[in-house]
Amino acid sequence: MFRSVPRARPLRYVSIASSRNLGSVRALLQNHRYSSYDSTLKNLKIGSHTRVIFQGFTGKQATANARESLEWGTKIVGGVRPGREGEHLGLPVLPSVREAMEVLKPDATGIYVAAHQAAGAIEEAIEAEVPLIVAVAEHIPLHDILRIHSILKTQSTCRLVGANSPGIISATGKCRIGFQPLPCFESGRIGIVARSGTLSYETAASTLRSGLGQSMCIGVGGDILPGTSLKEGLQILLEDGNTEGVALIGEIGGDAELEAADLIKEYRAKTENPKPIAALVGGVNAVPGRIMGHAGAFALPGEPSATAKIEALKAAGATIVNHPSRFGPVLKSLLDGVTPAGAGVATSGVISQRRGMHTVARRPAPTQKALHQGSRGQRRSIYLTQNIAFDLLRRRRIPITKTLSPGPQKLLAVTVNRSTRSPCIIASPTSDASQAAKFDFLYGASSAQDIPLLSVAQHLELTPGSTNSLENVLSKLIALFKEKEAFLLETRVVQNLSTGAIEIASAHLGFDDAAFRSCGRQADIQALRDLSAEDEAEVSVEKDGIVYIKLENGNIGTLVNGAGLAMNTVDALADAGGRAANFLDTGGKATSETVKRSFEVILTDPRVKCIFVNIFGGLTRGDMIAQGVVLAFEELQMSVPVVVRIRGTNEKEGQNIIAESGLPLFAFDDFDEAAAKAIELANKGM
């Protein structure tokens, strides 16, 4: 586990270390040393009192969303459209957020603008001092978000949720700021905090089916650096008087789940009647080095695996589930004082599944070579091949070793610290991350004086006299990181024995694709992408907004809407004894066209003997998806059997369309039954 210098202990323990002797979560949180931004956490406590404005108010998406939210009971008081005044939906439209703040006095703003406009809209809201800012757009460039965080840290008024977030919703207070599907939400007892939108929707539906309903759902979102973390959302739910139990949904990438586990452990130790907490973590079977749909769903050097997160949460006292449909029954049992049991449920020290949850397809820790070979481009990343990376470094006069056997290598990287929402240097005296430490620096750092150079040198265990050479390498890597909008510049360095100079022995460079796709920046980096080194089928569907990643040794094709649900589908299939051949995320809004295109790419894989379609109809209607499946099956003249699980909006209509199609399609609403059928059909086809 990483530690952050100069702290003496791992980050996962630092977040609440100053509160060890406190007797309740409220006291624990009130006595915690807040930074300026930490003090804005209370702004998440929305409800019937919350006055909401929309930025981008008159746009199509905002209009539809506002109309629904108003009918549901949200107190929307108006909105903003730059340079325009007037009325929309019977509410005032003002030309700037500052004017809206003065006239309408909102408590929160929902930002409904495209990714290339979103950073500017967030900054405008911060300047106007809106207490709660909710950003739903995905594909906002990482370095725009880094700049926003550098601003947020200097103030104590505004709290950000998102980006790439479904938003925040209070079912008890009828306040929705986001695009959560309202049929899934009714006033009740369970609080939800989640990195995945689709998983939070199915979790909400599960609590509804169990007669529990929800108090609040905080969608922290799938971004690399969310404005509100999983732990911070959990803090609010533990404090909330309307919340009797909590569902926590995490995934691969970052340390947020470990930080949440630390809070759970502290809370349970200091609270007489702690609220029951159930948790799910997606990405157990994620491919090392790949971005699994969400911008933040990948592990940086030294970050914990999904399995490690599960173990930490379980050790802290959370009950682990392996599918969101289990949240309702499990939390109901816990609230009734009954220990939950059954497949896919694990409590501290007990795993109630024949083979154990998340053990069937555990992957060994990847070697550095395997990690680099597996890192192909995705919608949110461009990884350069080694030769291209070396050429880029040489052009910036960063020294590359010429020795064929350069001797012991050390890890040196420039990336982001997700816990502190800052850029950082990662350094290890060995080639792997087991002894690595993080060294934050200011995003605006422009000289060696802004870099913790001596601390990095000491941790790398460099010989005396190498500081100037390290300064040269680090300052140029940081300049490259900022100027070309990288998210990871990972190198292995050696020290030249004759000169003492620091030289690069290997380079693994990743750049944020959103800078180009959303804002048209960094075209020269985009041009360096070597498509010949990537899988043709995976690349072919990027333009359709589909994330498709092949998995090893699988025979079940998966087609899922939403990255979190797609990761979880692969994991839950593995727990049931199946083997997914791919990860496929159609995006949160699956359409007939994306369903057809998804079938086409899955069928290019000869290993696939059955296709498992797992759709939760939150934003997308179940009947529309079913019609798309039937149409695609007929047009493509498919011979591979298809199992379809449709839940959510118009689920019965969708299931009836599948059942009455007369085609070899198998419709289910229960995940376990659907998974069992898919595994049976896939094994028959071998």
# chains A, B, ... in the order shown; residues from 1 in each chain; ligands from 1
call {"tool": "residues_around", "arguments": {"residues": "Gln495 in chain A", "least_positions_apart": "6", "cutoff": "10 Å", "atoms": "only C-alpha atoms", "output": "MDAnalysis selection string"}}
result
chainID A and resid 401 406:410 462:463 466 469:470 501:505
call {"tool": "write_last_selection", "arguments": {"atoms": "C-alpha atoms", "output": "mmCIF file, in the first residue's frame"}}
result
data_model
loop_
_atom_site.group_PDB
_atom_site.id
_atom_site.type_symbol
_atom_site.label_atom_id
_atom_site.label_comp_id
_atom_site.auth_asym_id
_atom_site.auth_seq_id
_atom_site.Cartn_x
_atom_site.Cartn_y
_atom_site.Cartn_z
ATOM 1 C CA THR A 401 19.814 4.663 -21.259
ATOM 2 C CA PRO A 406 21.502 -1.222 -17.278
ATOM 3 C CA GLY A 407 21.373 -2.806 -13.819
ATOM 4 C CA PRO A 408 18.776 -2.383 -11.033
ATOM 5 C CA GLN A 409 15.773 -0.311 -12.056
ATOM 6 C CA LYS A 410 13.658 2.012 -9.930
ATOM 7 C CA LEU A 462 20.064 7.356 -5.086
ATOM 8 C CA THR A 463 23.773 7.867 -4.591
ATOM 9 C CA SER A 466 22.493 12.594 -8.507
ATOM 10 C CA SER A 469 20.098 14.749 -12.811
ATOM 11 C CA LEU A 470 16.902 13.667 -11.029
ATOM 12 C CA ALA A 501 23.074 10.436 -14.222
ATOM 13 C CA ILE A 502 19.438 9.275 -14.033
ATOM 14 C CA GLU A 503 18.318 7.656 -17.296
ATOM 15 C CA ILE A 504 15.071 6.095 -18.511
ATOM 16 C CA ALA A 505 15.211 2.329 -19.084
#
call {"tool": "residues_around", "arguments": {"residues": "Asp450 in chain A", "least_positions_apart": "3", "cutoff": "12 Å", "atoms": "only C-alpha atoms", "output": "VMD selection string"}}
result
chain A and resid 424 439 to 447 453 to 454 471 474 to 475 478
call {"tool": "write_last_selection", "arguments": {"atoms": "N, CA and C atoms", "output": "tab-separated table (two decimals), in the first residue's frame"}}
result
chain	number	residue	atom	x	y	z
A	424	CYS	N	0.86	13.94	-8.57
A	424	CYS	CA	1.86	13.42	-7.65
A	424	CYS	C	2.98	12.71	-8.41
A	439	PHE	N	4.30	11.48	-3.67
A	439	PHE	CA	4.77	12.82	-3.31
A	439	PHE	C	3.93	13.83	-4.10
A	440	ASP	N	2.96	14.45	-3.44
A	440	ASP	CA	2.10	15.42	-4.12
A	440	ASP	C	2.88	16.69	-4.49
A	441	PHE	N	2.43	17.33	-5.56
A	441	PHE	CA	2.93	18.66	-5.89
A	441	PHE	C	1.77	19.50	-6.40
A	442	LEU	N	1.90	20.80	-6.34
A	442	LEU	CA	0.84	21.68	-6.79
A	442	LEU	C	0.66	21.57	-8.29
A	443	TYR	N	-0.60	21.65	-8.73
A	443	TYR	CA	-0.84	21.53	-10.17
A	443	TYR	C	-0.15	22.64	-10.95
A	444	GLY	N	-0.01	23.80	-10.34
A	444	GLY	CA	0.65	24.91	-11.02
A	444	GLY	C	2.15	24.92	-10.89
A	445	ALA	N	2.75	23.83	-10.38
A	445	ALA	CA	4.21	23.80	-10.19
A	445	ALA	C	4.92	24.09	-11.49
A	446	SER	N	5.87	25.03	-11.43
A	446	SER	CA	6.56	25.45	-12.65
A	446	SER	C	8.07	25.41	-12.52
A	447	SER	N	8.58	25.03	-11.35
A	447	SER	CA	10.02	24.98	-11.18
A	447	SER	C	10.38	23.88	-10.20
A	453	LEU	N	11.94	17.38	-4.24
A	453	LEU	CA	13.05	16.69	-4.91
A	453	LEU	C	13.88	15.85	-3.94
A	454	LEU	N	14.29	16.42	-2.82
A	454	LEU	CA	15.15	15.69	-1.90
A	454	LEU	C	14.45	14.47	-1.31
A	471	GLU	N	16.48	16.05	-10.87
A	471	GLU	CA	15.71	17.28	-11.10
A	471	GLU	C	15.43	17.48	-12.58
A	474	LEU	N	12.77	14.78	-13.66
A	474	LEU	CA	11.46	15.01	-13.07
A	474	LEU	C	10.79	16.27	-13.60
A	475	SER	N	11.54	17.36	-13.72
A	475	SER	CA	10.95	18.61	-14.19
A	475	SER	C	10.44	18.46	-15.62
A	478	ILE	N	7.24	16.24	-15.54
A	478	ILE	CA	6.09	17.03	-15.06
A	478	ILE	C	5.61	18.00	-16.13
call {"tool": "residues_around", "arguments": {"residues": "Glu251 in chain A", "least_positions_apart": "4", "cutoff": "10 Å", "atoms": "only C-alpha atoms", "output": "PyMOL selection string"}}
result
chain A and resi 194-196+222+255-257+280-284+286+292+294+296-298+305-307+309-310+564+567-568
call {"tool": "write_last_selection", "arguments": {"atoms": "N, CA and C atoms", "output": "PDB file, in the first residue's frame"}}
result
ATOM      1  N   ALA A 194     -22.452   5.380  -4.399  1.00  0.00           N
ATOM      2  CA  ALA A 194     -22.004   4.512  -5.485  1.00  0.00           C
ATOM      3  C   ALA A 194     -21.115   5.235  -6.478  1.00  0.00           C
ATOM      4  N   ARG A 195     -20.150   4.481  -7.021  1.00  0.00           N
ATOM      5  CA  ARG A 195     -19.345   4.972  -8.126  1.00  0.00           C
ATOM      6  C   ARG A 195     -20.003   4.689  -9.472  1.00  0.00           C
ATOM      7  N   SER A 196     -20.944   3.773  -9.513  1.00  0.00           N
ATOM      8  CA  SER A 196     -21.606   3.378 -10.761  1.00  0.00           C
ATOM      9  C   SER A 196     -23.067   3.800 -10.754  1.00  0.00           C
ATOM     10  N   GLY A 222     -17.991   7.966 -11.845  1.00  0.00           N
ATOM     11  CA  GLY A 222     -16.896   7.110 -12.269  1.00  0.00           C
ATOM     12  C   GLY A 222     -15.670   7.848 -12.743  1.00  0.00           C
ATOM     13  N   ASP A 255      -8.130   4.288  -3.968  1.00  0.00           N
ATOM     14  CA  ASP A 255      -8.142   3.769  -2.600  1.00  0.00           C
ATOM     15  C   ASP A 255      -9.436   4.086  -1.864  1.00  0.00           C
ATOM     16  N   ALA A 256     -10.445   4.605  -2.559  1.00  0.00           N
ATOM     17  CA  ALA A 256     -11.640   5.107  -1.879  1.00  0.00           C
ATOM     18  C   ALA A 256     -12.320   4.040  -1.034  1.00  0.00           C
ATOM     19  N   GLU A 257     -12.337   2.803  -1.515  1.00  0.00           N
ATOM     20  CA  GLU A 257     -13.003   1.730  -0.773  1.00  0.00           C
ATOM     21  C   GLU A 257     -12.240   1.386   0.501  1.00  0.00           C
ATOM     22  N   LEU A 280     -20.583  -3.768  -2.328  1.00  0.00           N
ATOM     23  CA  LEU A 280     -20.239  -4.487  -3.554  1.00  0.00           C
ATOM     24  C   LEU A 280     -19.082  -3.752  -4.212  1.00  0.00           C
ATOM     25  N   VAL A 281     -18.124  -4.499  -4.753  1.00  0.00           N
ATOM     26  CA  VAL A 281     -16.996  -3.899  -5.470  1.00  0.00           C
ATOM     27  C   VAL A 281     -16.868  -4.590  -6.824  1.00  0.00           C
ATOM     28  N   GLY A 282     -16.952  -3.820  -7.900  1.00  0.00           N
ATOM     29  CA  GLY A 282     -16.833  -4.369  -9.247  1.00  0.00           C
ATOM     30  C   GLY A 282     -15.401  -4.344  -9.748  1.00  0.00           C
ATOM     31  N   GLY A 283     -15.099  -5.260 -10.663  1.00  0.00           N
ATOM     32  CA  GLY A 283     -13.792  -5.260 -11.309  1.00  0.00           C
ATOM     33  C   GLY A 283     -12.838  -6.320 -10.813  1.00  0.00           C
ATOM     34  N   VAL A 284     -13.352  -7.349 -10.131  1.00  0.00           N
ATOM     35  CA  VAL A 284     -12.484  -8.444  -9.687  1.00  0.00           C
ATOM     36  C   VAL A 284     -11.779  -9.077 -10.882  1.00  0.00           C
ATOM     37  N   ALA A 286     -11.258  -7.531 -13.802  1.00  0.00           N
ATOM     38  CA  ALA A 286     -10.790  -6.497 -14.729  1.00  0.00           C
ATOM     39  C   ALA A 286      -9.434  -6.873 -15.306  1.00  0.00           C
ATOM     40  N   MET A 292     -11.801   0.099 -17.637  1.00  0.00           N
ATOM     41  CA  MET A 292     -13.008  -0.716 -17.767  1.00  0.00           C
ATOM     42  C   MET A 292     -14.255   0.176 -17.842  1.00  0.00           C
ATOM     43  N   HIS A 294     -15.628   3.131 -17.182  1.00  0.00           N
ATOM     44  CA  HIS A 294     -15.532   4.403 -16.461  1.00  0.00           C
ATOM     45  C   HIS A 294     -14.130   4.968 -16.585  1.00  0.00           C
ATOM     46  N   GLY A 296     -12.370   6.332 -14.403  1.00  0.00           N
ATOM     47  CA  GLY A 296     -11.545   6.011 -13.246  1.00  0.00           C
ATOM     48  C   GLY A 296     -11.410   4.537 -12.947  1.00  0.00           C
ATOM     49  N   ALA A 297     -11.954   3.679 -13.786  1.00  0.00           N
ATOM     50  CA  ALA A 297     -11.966   2.235 -13.503  1.00  0.00           C
ATOM     51  C   ALA A 297     -10.704   1.554 -14.024  1.00  0.00           C
ATOM     52  N   PHE A 298      -9.591   1.889 -13.418  1.00  0.00           N
ATOM     53  CA  PHE A 298      -8.313   1.246 -13.707  1.00  0.00           C
ATOM     54  C   PHE A 298      -7.406   1.487 -12.517  1.00  0.00           C
ATOM     55  N   SER A 305      -6.202  -4.026  -5.607  1.00  0.00           N
ATOM     56  CA  SER A 305      -7.111  -4.756  -6.490  1.00  0.00           C
ATOM     57  C   SER A 305      -8.529  -4.688  -5.929  1.00  0.00           C
ATOM     58  N   ALA A 306      -9.496  -5.070  -6.754  1.00  0.00           N
ATOM     59  CA  ALA A 306     -10.880  -5.136  -6.278  1.00  0.00           C
ATOM     60  C   ALA A 306     -11.003  -6.167  -5.162  1.00  0.00           C
ATOM     61  N   THR A 307     -10.272  -7.272  -5.272  1.00  0.00           N
ATOM     62  CA  THR A 307     -10.313  -8.304  -4.231  1.00  0.00           C
ATOM     63  C   THR A 307      -9.806  -7.760  -2.903  1.00  0.00           C
ATOM     64  N   LYS A 309      -9.965  -4.711  -1.915  1.00  0.00           N
ATOM     65  CA  LYS A 309     -10.993  -3.806  -1.406  1.00  0.00           C
ATOM     66  C   LYS A 309     -12.118  -4.592  -0.733  1.00  0.00           C
ATOM     67  N   ILE A 310     -12.516  -5.681  -1.357  1.00  0.00           N
ATOM     68  CA  ILE A 310     -13.569  -6.529  -0.783  1.00  0.00           C
ATOM     69  C   ILE A 310     -13.141  -7.052   0.582  1.00  0.00           C
ATOM     70  N   GLY A 564     -20.240  -0.033 -14.712  1.00  0.00           N
ATOM     71  CA  GLY A 564     -20.261  -0.728 -13.431  1.00  0.00           C
ATOM     72  C   GLY A 564     -21.013  -2.036 -13.510  1.00  0.00           C
ATOM     73  N   MET A 567     -18.909  -4.611 -15.466  1.00  0.00           N
ATOM     74  CA  MET A 567     -17.881  -5.238 -14.627  1.00  0.00           C
ATOM     75  C   MET A 567     -18.496  -6.260 -13.688  1.00  0.00           C
ATOM     76  N   ASN A 568     -19.603  -5.880 -13.063  1.00  0.00           N
ATOM     77  CA  ASN A 568     -20.245  -6.767 -12.102  1.00  0.00           C
ATOM     78  C   ASN A 568     -20.791  -8.020 -12.774  1.00  0.00           C
TER      79      ASN A 568
END
call {"tool": "closest_atom_pairs", "arguments": {"of": "range 142-250 of chain A", "to": "range 42-58 of chain A", "cutoff": "10 Å", "atoms": "only C-alpha atoms", "output": "CSV"}}
result
residue,atom,partner,partner_atom,distance
A:Thr157,CA,A:Asn43,CA,8.7
A:Cys158,CA,A:Asn43,CA,7.8
A:Arg159,CA,A:Asn43,CA,6.5
A:Leu160,CA,A:Leu44,CA,9.0
A:Val161,CA,A:Leu44,CA,8.6
A:Ile168,CA,A:Leu44,CA,8.2
A:Ile169,CA,A:Ile46,CA,7.8
A:Ser170,CA,A:Gly47,CA,5.8
A:Ala171,CA,A:Gly47,CA,8.2
A:Thr172,CA,A:Gly47,CA,7.2
A:Gly173,CA,A:Gly47,CA,4.1
A:Lys174,CA,A:Ser48,CA,6.0
A:Cys175,CA,A:Gly47,CA,5.5
A:Arg176,CA,A:Gly47,CA,8.7
A:Ile177,CA,A:Val52,CA,7.7
A:Ser215,CA,A:Gly47,CA,9.9
A:Met216,CA,A:Ile46,CA,8.7
A:Ile218,CA,A:Leu44,CA,8.5
A:Thr228,CA,A:Leu44,CA,9.3
A:Glu232,CA,A:Leu44,CA,9.5
A:Gly233,CA,A:Leu44,CA,8.2
A:Gln235,CA,A:Lys42,CA,9.8
A:Ile236,CA,A:Lys45,CA,7.4
A:Leu237,CA,A:Lys45,CA,9.2
A:Glu239,CA,A:Lys45,CA,9.9
A:Asp240,CA,A:Lys45,CA,8.2
call {"tool": "select_by_dssp", "arguments": {"residues": "range 240-479 of chain A", "states": "strand (DSSP E)", "output": "MDAnalysis selection string"}}
result
chainID A and resid 245:251 277:282 319:321 345:347 350:351 382:383 410:417 422:428 437:440
call {"tool": "closest_residue", "arguments": {"among": "A:Thr499, A:Ala486, A:Leu480, A:Ile646", "to": "Val560 in chain A", "atoms": "only C-alpha atoms"}}
result
A:Ile646
call {"tool": "closest_residue", "arguments": {"among": "A:Ala678, A:Cys217, A:Ala389, A:Val456", "to": "Tyr201 in chain A", "atoms": "only C-alpha atoms"}}
result
A:Cys217
call {"tool": "closest_residue", "arguments": {"among": "A:Gln458, A:Ser540, A:Gln522, A:Ser206", "to": "Arg597 in chain A", "atoms": "only C-alpha atoms"}}
result
A:Ser540
call {"tool": "decode", "arguments": {"residues": "range 492-503 of chain A", "atoms": "all heavy atoms", "output": "compact mmCIF listing (two decimals), in the first residue's frame"}}
result
# COMPACT_ATOMS: atom_id res chain seq x y z
N ARG A 492 10.78 3.30 -15.65
CA ARG A 492 11.79 2.63 -14.83
C ARG A 492 13.11 3.33 -15.13
O ARG A 492 13.49 3.46 -16.30
CB ARG A 492 11.88 1.14 -15.16
CG ARG A 492 10.61 0.35 -14.89
CD ARG A 492 10.19 0.44 -13.42
NE ARG A 492 9.00 -0.32 -13.09
CZ ARG A 492 7.76 0.08 -13.28
NH1 ARG A 492 7.54 1.26 -13.85
NH2 ARG A 492 6.74 -0.65 -12.90
N VAL A 493 13.74 3.82 -14.09
CA VAL A 493 14.97 4.58 -14.27
C VAL A 493 16.16 3.80 -13.70
O VAL A 493 16.00 2.96 -12.81
CB VAL A 493 14.89 5.98 -13.60
CG1 VAL A 493 13.76 6.79 -14.20
CG2 VAL A 493 14.72 5.85 -12.09
N VAL A 494 17.33 4.11 -14.22
CA VAL A 494 18.58 3.54 -13.72
C VAL A 494 19.55 4.69 -13.47
O VAL A 494 19.41 5.77 -14.04
CB VAL A 494 19.19 2.53 -14.71
CG1 VAL A 494 18.30 1.31 -14.86
CG2 VAL A 494 19.43 3.18 -16.07
N GLN A 495 20.53 4.41 -12.64
CA GLN A 495 21.56 5.41 -12.39
C GLN A 495 22.84 4.97 -13.10
O GLN A 495 23.36 3.87 -12.85
CB GLN A 495 21.82 5.56 -10.89
CG GLN A 495 22.72 6.73 -10.56
CD GLN A 495 22.70 7.07 -9.08
OE1 GLN A 495 22.23 6.28 -8.26
NE2 GLN A 495 23.18 8.24 -8.72
N ASN A 496 23.28 5.80 -14.04
CA ASN A 496 24.51 5.50 -14.78
C ASN A 496 25.68 5.42 -13.80
O ASN A 496 25.98 6.39 -13.10
CB ASN A 496 24.75 6.59 -15.83
CG ASN A 496 25.87 6.25 -16.77
OD1 ASN A 496 26.99 6.00 -16.32
ND2 ASN A 496 25.58 6.27 -18.06
N LEU A 497 26.33 4.27 -13.75
CA LEU A 497 27.36 4.04 -12.74
C LEU A 497 28.59 4.92 -12.95
O LEU A 497 29.29 5.26 -12.00
CB LEU A 497 27.76 2.56 -12.73
CG LEU A 497 26.65 1.58 -12.33
CD1 LEU A 497 27.16 0.14 -12.39
CD2 LEU A 497 26.12 1.90 -10.95
N SER A 498 28.84 5.29 -14.20
CA SER A 498 30.05 6.10 -14.47
C SER A 498 29.81 7.59 -14.26
O SER A 498 30.70 8.31 -13.81
CB SER A 498 30.55 5.84 -15.89
OG SER A 498 29.54 6.17 -16.84
N THR A 499 28.61 8.07 -14.58
CA THR A 499 28.34 9.51 -14.49
C THR A 499 27.40 9.88 -13.34
O THR A 499 27.31 11.05 -12.97
CB THR A 499 27.71 10.02 -15.80
OG1 THR A 499 26.40 9.41 -15.95
CG2 THR A 499 28.58 9.67 -17.00
N GLY A 500 26.69 8.89 -12.80
CA GLY A 500 25.70 9.16 -11.76
C GLY A 500 24.39 9.70 -12.28
O GLY A 500 23.47 9.97 -11.51
N ALA A 501 24.27 9.86 -13.62
CA ALA A 501 23.07 10.44 -14.22
C ALA A 501 21.89 9.48 -14.14
O ALA A 501 22.05 8.25 -14.21
CB ALA A 501 23.35 10.80 -15.68
N ILE A 502 20.68 10.05 -14.02
CA ILE A 502 19.44 9.28 -14.03
C ILE A 502 18.97 9.15 -15.48
O ILE A 502 18.82 10.16 -16.19
CB ILE A 502 18.35 9.95 -13.17
CG1 ILE A 502 18.86 10.15 -11.75
CG2 ILE A 502 17.07 9.13 -13.19
CD1 ILE A 502 19.28 8.89 -11.05
N GLU A 503 18.72 7.92 -15.91
CA GLU A 503 18.32 7.66 -17.30
C GLU A 503 17.09 6.75 -17.31
O GLU A 503 16.88 5.94 -16.40
CB GLU A 503 19.47 7.00 -18.06
CG GLU A 503 20.73 7.86 -18.15
CD GLU A 503 21.92 7.14 -18.74
OE1 GLU A 503 21.90 5.88 -18.79
OE2 GLU A 503 22.88 7.82 -19.15
